[in-house]
Amino acid sequence: MKNFHFTLKQADPINNDVTVTTVVFRVEGANLVKLSGSFREFTEEDFVDFDREIGAVVGITVNDLFHGASSVRVEEIAVQPPARLLKVVKVEKRDGKPFFYLVVTEVLATGEERVLYANHRSLRVTLNKAVGEVSRILGIDESIIWNLLK
Amino acid sequence: MNYLELRSASLERIQEVAEKLAPQLTPKPGVDYKVYLSVKPPLREGEELITYTQSVCPECYSLLRAVIFKRGGKVWIRKVCPEHGEIEELYFGDATTYERYRRYQAEGRGNAVTHVPLQAPCPFNCGVCPRHKSHAALINIVATNRCDLSCYYCFFYAAKAGYVYEPSLEHIRYMLQQARLTEPVKPPALQITGGEPTLREDLLDIIRIAKEEGFTHIQLNTNGIRLAFDQELAVKVRKAGVNVVYLSFDGVSPYTNPKNHWEVPYTLDNLRRAGLGAVLVPTVIKSYNLSDVGKIILFGLKHNDIVRGVNFQPVSITGKMPRKEREKERVTIPDVIAEIERQTGGQIEREDWYPVPSVAPLSRFVEALTGKPQLTFTTHFACGAATYVWQENGEIIPITKFVHVDELLSFLQEKAEELERGRNKYLVLLEAAMKLRKFVDLNKAPRRLRERGKALRLLLDIFVRHNYESLGEFHYNTLFLGMMHFQDLYNHDVARVSRCDIHYIMPDGRQVPFCSFNVIEELYRERAQRAFSYTVKDWEKLTGTSLIAQHYKRNIRKLISGEPYRRHYEGIIDIDSVPYEDHVLASKRFGIPVIEE
């Protein structure tokens, strides 16, 4: 599984000055266990995955990377299927408070990953509501999720 | 597939076939396109970098890195295909306008529910894919590829394409349901297009289905020929639910508009009788009709009782064309705007135009007030521009002469941000009610909007009371001027495609941005429509008619001698200065035969 960490500064066609990091947690019983992997350079082979992981949720795509000055690192994480994951995507804009996207996925025995929930940018979902929803889907106490967002 | 097998199929069967075919019709890497993103196009002396982006090769569709840069006060795009060399094209005719428009860019928030999984780079994953940045504002549906005209440049109509694409009513229902699939914002507007959609005998059923599937604004895109000769048709389509007719209109003379110059007066009269408004749609080509843009606006203003707007479309070059030939045709938004300024004697200035995403603060304000996701126009700033004008005592009054647009937009943006931070909405509304007047200079407004402070009341209705019926009143006797520059293979920019909000719904259920559908047409429009088509022979056997027999033959003598012709063009062109032979020649050269009674 690929996990993207990056900074981007662009002025065309839109202003962006952001740092984005993603942390992946595996659901184990009523707990969340942080997964880590090894880092490597971002290459052309990663473009479609970047758009799938970041573009679809945060709205920043490979095309934005072309437009601006960026630095992207790819974290390769090994996930043993089947698994339920919580991905916490932290978007820090230079001129604002950080925002968190919460993405719940399910990795099937076949290795296919399905999104079960995301507080997608097009939905007007408060973080409170998103945390409540993630808690309900994963059966994890809300306080555990809030702790991850500190 | 042979469409004979699907023409009477149920919705379920159509869905089954569409879902089976869609993955097969999707562009395939290595087969339909290659990726050469590591090749960086050069910048040369005297050129100033604006940005890098991605584009496609006009020859092989390979995905390329492109550079957008300034040179000589204009904006250009350059890309290098390892197989086909360097391609350079004018991107935007004025660098200052480019920079001004960029300030208004607003980023869309995409769609939480989309049609296809993300498996390929943009623009080879259209469907709509999860990375798309805007939600669709307008859906186009091709009702038929048959046409009653045979314009020389068109390769799309059935007789030339060699097949008939004409989805059944159940198939159209399936497509429209697909188009309404997206969440959280469903497209409200539909354009029924072609070919020539009025050739479909069941057009009224299509309109009815569109209403049933939730579309609240329906446009009919037509050459107006049938509407010119069938008085009842305009009444029928209005009653069925069409809100406005998008009428092709490339110029005011037979030379600049050989497509429908002679019929438009009759079309407009029939629309008048039906109470159905029209938007004139000129495709603007530098060497052909750029000289007419001012007169087209005057024509619109003269018939402002029924013409609601003019939507200029700077040419999108179809097919492959050498650079020298392209330079004769190429015109971009700032070029058309500059010509309008010149041809209207400065009455409509370039500063009167605003790029499409400039209105995003309006949606953001309403969204913050209501808590509901709103339709937001977040196309790329280089895709389109617009303004509103009125005419009073011969003088053209643009909206910017009495509404302080920038200040109003900034105010709405600021209030939206306050609401998003949790400020009490009633306090914001009270403040808006008090301050809106400072954005309107009633003394400079057209008389109709000046009376009893109507302009201000309209703003209050829209922004404070959320009474959108006021928009209808605002539009009455107002001429909307729009500019929409669809791309082509030469100036193609992925940044624009990924923000497109005008989409086509295809027969396999995929929803594709305009500039993928029509620009990479072999991989989208052509491939999908051909897959769901009849052979010409099958269609002719099925209907008992011939495709060619439906082609229109023009009786120019009769048309120009009618009263509507003179009434519509009087004061716009010198009608009597055009010899009959010139009329005939213009029509024939364009590909439309002329008959004598």
# chains A, B, ... in the order shown; residues from 1 in each chain; ligands from 1
>>> closest_atom_pairs(of="chain A", to="chain B", cutoff="9 Å", atoms="only C-alpha atoms", output="tab-separated table")
residue	atom	partner	partner_atom	distance
A:Gln10	CA	B:Thr51	CA	8.8
A:Ala11	CA	B:Thr51	CA	8.4
A:Asp12	CA	B:Thr51	CA	6.6
A:Pro13	CA	B:Arg102	CA	6.3
A:Ile14	CA	B:Gln105	CA	6.0
A:Asn15	CA	B:Gln105	CA	8.7
A:Glu44	CA	B:Leu37	CA	7.8
A:Phe47	CA	B:Pro121	CA	7.3
A:Val48	CA	B:Pro121	CA	5.8
A:Asp49	CA	B:Gln119	CA	8.2
A:Asp51	CA	B:Arg131	CA	6.3
A:Arg52	CA	B:Leu118	CA	6.0
A:Ile54	CA	B:Arg131	CA	8.5
A:Gly55	CA	B:Arg131	CA	5.0
A:Ala56	CA	B:Arg131	CA	4.5
A:Val57	CA	B:Arg131	CA	7.9
A:Val58	CA	B:Arg109	CA	8.6
A:Gly59	CA	B:Lys133	CA	6.6
A:Ile60	CA	B:Arg131	CA	8.3
A:Thr61	CA	B:Arg131	CA	7.1
A:Val62	CA	B:Pro121	CA	8.8
A:Asn63	CA	B:Thr53	CA	6.2
A:Asp64	CA	B:Ala495	CA	7.8
A:Leu65	CA	B:Thr53	CA	8.6
A:Phe66	CA	B:Thr53	CA	5.4
A:His67	CA	B:Tyr52	CA	4.9
A:Gly68	CA	B:Thr51	CA	7.3
A:Ala118	CA	B:Ala112	CA	8.5
A:Asn119	CA	B:Ala112	CA	8.8
A:His120	CA	B:Ala112	CA	5.9
A:Arg121	CA	B:Arg109	CA	5.5
A:Ser122	CA	B:Arg109	CA	4.6
A:Leu123	CA	B:Pro184	CA	6.5
A:Arg124	CA	B:Pro373	CA	6.8
>>> write_last_selection(atoms="N, CA, C and O atoms", output="compact mmCIF listing (two decimals), in the first residue's frame")
# COMPACT_ATOMS: atom_id res chain seq x y z
N GLN A 10 1.88 26.31 -5.17
CA GLN A 10 1.54 26.65 -6.55
C GLN A 10 0.74 27.96 -6.59
O GLN A 10 0.09 28.33 -5.60
N ALA A 11 0.83 28.64 -7.74
CA ALA A 11 0.10 29.90 -7.89
C ALA A 11 -0.79 29.89 -9.12
O ALA A 11 -1.51 30.85 -9.39
N ASP A 12 -0.75 28.81 -9.88
CA ASP A 12 -1.55 28.70 -11.11
C ASP A 12 -2.06 27.28 -11.23
O ASP A 12 -1.27 26.35 -11.06
N PRO A 13 -3.33 27.03 -11.53
CA PRO A 13 -4.36 28.05 -11.69
C PRO A 13 -4.93 28.55 -10.37
O PRO A 13 -5.74 29.46 -10.35
N ILE A 14 -4.47 27.95 -9.26
CA ILE A 14 -5.00 28.33 -7.94
C ILE A 14 -3.84 28.42 -6.97
O ILE A 14 -2.81 27.78 -7.18
N ASN A 15 -4.01 29.21 -5.94
CA ASN A 15 -2.98 29.31 -4.91
C ASN A 15 -3.07 28.12 -3.96
O ASN A 15 -4.15 27.80 -3.48
N GLU A 44 6.92 8.38 -11.71
CA GLU A 44 5.78 8.39 -12.63
C GLU A 44 4.83 7.22 -12.38
O GLU A 44 3.63 7.32 -12.60
N PHE A 47 1.81 8.04 -10.06
CA PHE A 47 0.88 9.15 -10.35
C PHE A 47 -0.59 8.75 -10.16
O PHE A 47 -1.37 9.49 -9.55
N VAL A 48 -0.96 7.61 -10.70
CA VAL A 48 -2.38 7.21 -10.61
C VAL A 48 -2.75 6.92 -9.16
O VAL A 48 -3.82 7.32 -8.69
N ASP A 49 -1.83 6.30 -8.44
CA ASP A 49 -2.09 6.01 -7.02
C ASP A 49 -2.21 7.31 -6.21
O ASP A 49 -3.02 7.41 -5.30
N ASP A 51 -3.29 10.18 -7.30
CA ASP A 51 -4.61 10.76 -7.56
C ASP A 51 -5.71 9.97 -6.84
O ASP A 51 -6.70 10.55 -6.38
N ARG A 52 -5.55 8.64 -6.75
CA ARG A 52 -6.57 7.83 -6.10
C ARG A 52 -6.59 8.11 -4.59
O ARG A 52 -7.65 8.26 -3.99
N ILE A 54 -4.95 10.73 -2.85
CA ILE A 54 -4.98 12.15 -2.44
C ILE A 54 -5.98 12.96 -3.27
O ILE A 54 -6.81 13.69 -2.74
N GLY A 55 -5.90 12.81 -4.58
CA GLY A 55 -6.77 13.60 -5.48
C GLY A 55 -8.24 13.39 -5.18
O GLY A 55 -9.02 14.34 -5.13
N ALA A 56 -8.62 12.13 -4.96
CA ALA A 56 -10.03 11.83 -4.78
C ALA A 56 -10.56 12.34 -3.45
O ALA A 56 -11.74 12.64 -3.34
N VAL A 57 -9.69 12.47 -2.46
CA VAL A 57 -10.17 12.87 -1.13
C VAL A 57 -9.88 14.35 -0.85
O VAL A 57 -10.76 15.13 -0.51
N VAL A 58 -8.61 14.72 -1.03
CA VAL A 58 -8.19 16.09 -0.69
C VAL A 58 -8.43 17.06 -1.85
O VAL A 58 -8.67 18.24 -1.63
N GLY A 59 -8.36 16.55 -3.07
CA GLY A 59 -8.59 17.41 -4.23
C GLY A 59 -7.33 17.92 -4.88
O GLY A 59 -7.38 18.69 -5.84
N ILE A 60 -6.17 17.52 -4.35
CA ILE A 60 -4.90 17.92 -4.98
C ILE A 60 -4.44 16.75 -5.84
O ILE A 60 -4.36 15.61 -5.36
N THR A 61 -4.18 17.04 -7.12
CA THR A 61 -3.87 15.96 -8.06
C THR A 61 -2.44 16.09 -8.60
O THR A 61 -1.77 17.11 -8.36
N VAL A 62 -2.04 15.10 -9.34
CA VAL A 62 -0.71 15.13 -9.97
C VAL A 62 -0.58 16.37 -10.85
O VAL A 62 0.49 16.99 -10.92
N ASN A 63 -1.66 16.77 -11.49
CA ASN A 63 -1.60 17.96 -12.33
C ASN A 63 -1.21 19.20 -11.50
O ASN A 63 -0.48 20.06 -11.99
N ASP A 64 -1.67 19.26 -10.26
CA ASP A 64 -1.28 20.37 -9.38
C ASP A 64 0.21 20.30 -9.09
O ASP A 64 0.88 21.34 -8.98
N LEU A 65 0.73 19.08 -8.95
CA LEU A 65 2.17 18.94 -8.68
C LEU A 65 2.97 19.48 -9.85
O LEU A 65 4.01 20.11 -9.67
N PHE A 66 2.49 19.25 -11.07
CA PHE A 66 3.16 19.78 -12.26
C PHE A 66 3.14 21.31 -12.24
O PHE A 66 4.06 21.95 -12.71
N HIS A 67 2.06 21.87 -11.74
CA HIS A 67 1.89 23.32 -11.75
C HIS A 67 2.79 24.04 -10.75
O HIS A 67 3.11 25.21 -10.94
N GLY A 68 3.11 23.33 -9.66
CA GLY A 68 3.82 24.03 -8.60
C GLY A 68 5.16 23.41 -8.26
O GLY A 68 5.66 22.54 -8.97
N ALA A 118 -15.52 8.21 3.84
CA ALA A 118 -14.57 9.32 3.78
C ALA A 118 -15.36 10.60 4.00
O ALA A 118 -16.45 10.75 3.45
N ASN A 119 -14.81 11.49 4.81
CA ASN A 119 -15.46 12.81 4.93
C ASN A 119 -15.00 13.66 3.75
O ASN A 119 -14.24 14.61 3.88
N HIS A 120 -15.46 13.23 2.59
CA HIS A 120 -15.05 13.82 1.31
C HIS A 120 -15.22 15.33 1.33
O HIS A 120 -16.14 15.86 1.94
N ARG A 121 -14.34 16.01 0.59
CA ARG A 121 -14.34 17.47 0.62
C ARG A 121 -15.63 18.08 0.09
O ARG A 121 -15.95 19.23 0.36
N SER A 122 -16.37 17.33 -0.70
CA SER A 122 -17.60 17.90 -1.27
C SER A 122 -18.76 17.84 -0.28
O SER A 122 -19.77 18.50 -0.48
N LEU A 123 -18.59 17.06 0.80
CA LEU A 123 -19.67 16.94 1.79
C LEU A 123 -19.43 17.96 2.89
O LEU A 123 -18.28 18.18 3.29
N ARG A 124 -20.47 18.56 3.35
CA ARG A 124 -20.28 19.52 4.44
C ARG A 124 -20.37 18.78 5.78
O ARG A 124 -21.36 18.87 6.49
>>> select_by_dssp(residues="segment 192-401 of chain B", states="strand (DSSP E)", output="JSON, numbers by chain")
{"B": [192, 193, 217, 218, 219, 220, 221, 222, 244, 245, 246, 247, 248, 277, 278, 279, 280, 281, 283, 284, 307, 308, 309, 310, 311, 312, 313, 314, 354, 355, 384, 385, 386, 387, 388, 389, 390, 391, 392, 395, 396, 397, 398]}
>>> write_last_selection(atoms="C-alpha atoms", output="compact mmCIF listing (two decimals), in the first residue's frame")
# COMPACT_ATOMS: atom_id res chain seq x y z
CA ILE B 192 -30.45 18.10 -25.64
CA THR B 193 -28.13 18.20 -28.59
CA HIS B 217 -33.53 23.54 -16.67
CA ILE B 218 -33.67 22.12 -20.17
CA GLN B 219 -31.95 23.61 -23.19
CA LEU B 220 -32.52 22.58 -26.77
CA ASN B 221 -29.44 22.99 -28.97
CA THR B 222 -30.55 23.43 -32.56
CA VAL B 244 -34.41 27.98 -23.63
CA VAL B 245 -33.28 27.27 -27.17
CA TYR B 246 -29.56 27.36 -27.92
CA LEU B 247 -29.58 28.60 -31.48
CA SER B 248 -26.54 28.38 -33.72
CA GLY B 277 -36.36 32.42 -25.19
CA ALA B 278 -33.26 31.87 -27.30
CA VAL B 279 -29.54 32.13 -26.70
CA LEU B 280 -27.56 32.82 -29.86
CA VAL B 281 -24.45 30.66 -30.13
CA THR B 283 -18.65 29.93 -33.10
CA VAL B 284 -16.00 32.59 -33.68
CA VAL B 307 -33.09 36.66 -27.35
CA ARG B 308 -31.88 36.15 -23.77
CA GLY B 309 -28.19 35.91 -24.49
CA VAL B 310 -25.27 35.46 -26.82
CA ASN B 311 -22.79 32.74 -25.97
CA PHE B 312 -19.66 33.19 -28.09
CA GLN B 313 -17.53 30.13 -28.63
CA PRO B 314 -14.01 30.89 -29.89
CA TYR B 354 -15.61 38.29 -15.55
CA PRO B 355 -14.33 34.69 -15.70
CA GLY B 384 -15.14 31.11 -20.00
CA ALA B 385 -16.19 34.66 -19.20
CA ALA B 386 -19.46 36.54 -19.02
CA THR B 387 -21.24 39.81 -18.44
CA TYR B 388 -24.74 41.27 -18.65
CA VAL B 389 -25.83 44.23 -20.75
CA TRP B 390 -28.93 46.35 -21.22
CA GLN B 391 -29.79 48.78 -23.97
CA GLU B 392 -31.43 52.11 -23.31
CA GLU B 395 -26.74 53.06 -25.38
CA ILE B 396 -25.41 49.72 -24.14
CA ILE B 397 -25.14 49.53 -20.34
CA PRO B 398 -23.00 46.68 -18.92
>>> residues_around(residues="Asp17 of chain A", least_positions_apart="6", cutoff="7 Å", atoms="only C-alpha atoms", output="MDAnalysis selection string")
chainID A and resid 8:10 93:94
>>> select_by_dssp(residues="segment 108-288 of chain B", states="helix (DSSP H, G or I)", output="PyMOL selection string")
chain B and resi 158-161+169-179+197-199+203-212+225-229+231-240+264-274
>>> residues_around(residues="Leu199 of chain B", least_positions_apart="6", cutoff="9 Å", atoms="only C-alpha atoms", output="PyMOL selection string")
chain B and resi 144+146-148+226+550
>>> closest_residue(among="A:Thr19, A:Ile140, A:Trp146, A:Phe99", to="Ser70 of chain A", atoms="only C-alpha atoms")
A:Thr19
>>> residues_around(residues="segment 435-451 of chain B", least_positions_apart="4", cutoff="6 Å", atoms="only C-alpha atoms", output="list in words")
Phe402, Val403, His404, Leu408 and Ala455 of chain B
>>> write_last_selection(atoms="C-alpha atoms", output="PDB file, in the first residue's frame")
ATOM      1  CA  PHE B 402     -24.008  50.234 -11.880  1.00  0.00           C
ATOM      2  CA  VAL B 403     -23.027  47.205  -9.796  1.00  0.00           C
ATOM      3  CA  HIS B 404     -19.644  47.250  -8.068  1.00  0.00           C
ATOM      4  CA  LEU B 408     -19.924  42.701  -3.962  1.00  0.00           C
ATOM      5  CA  ALA B 455     -31.990  46.556  -8.767  1.00  0.00           C
TER       6      ALA B 455
END
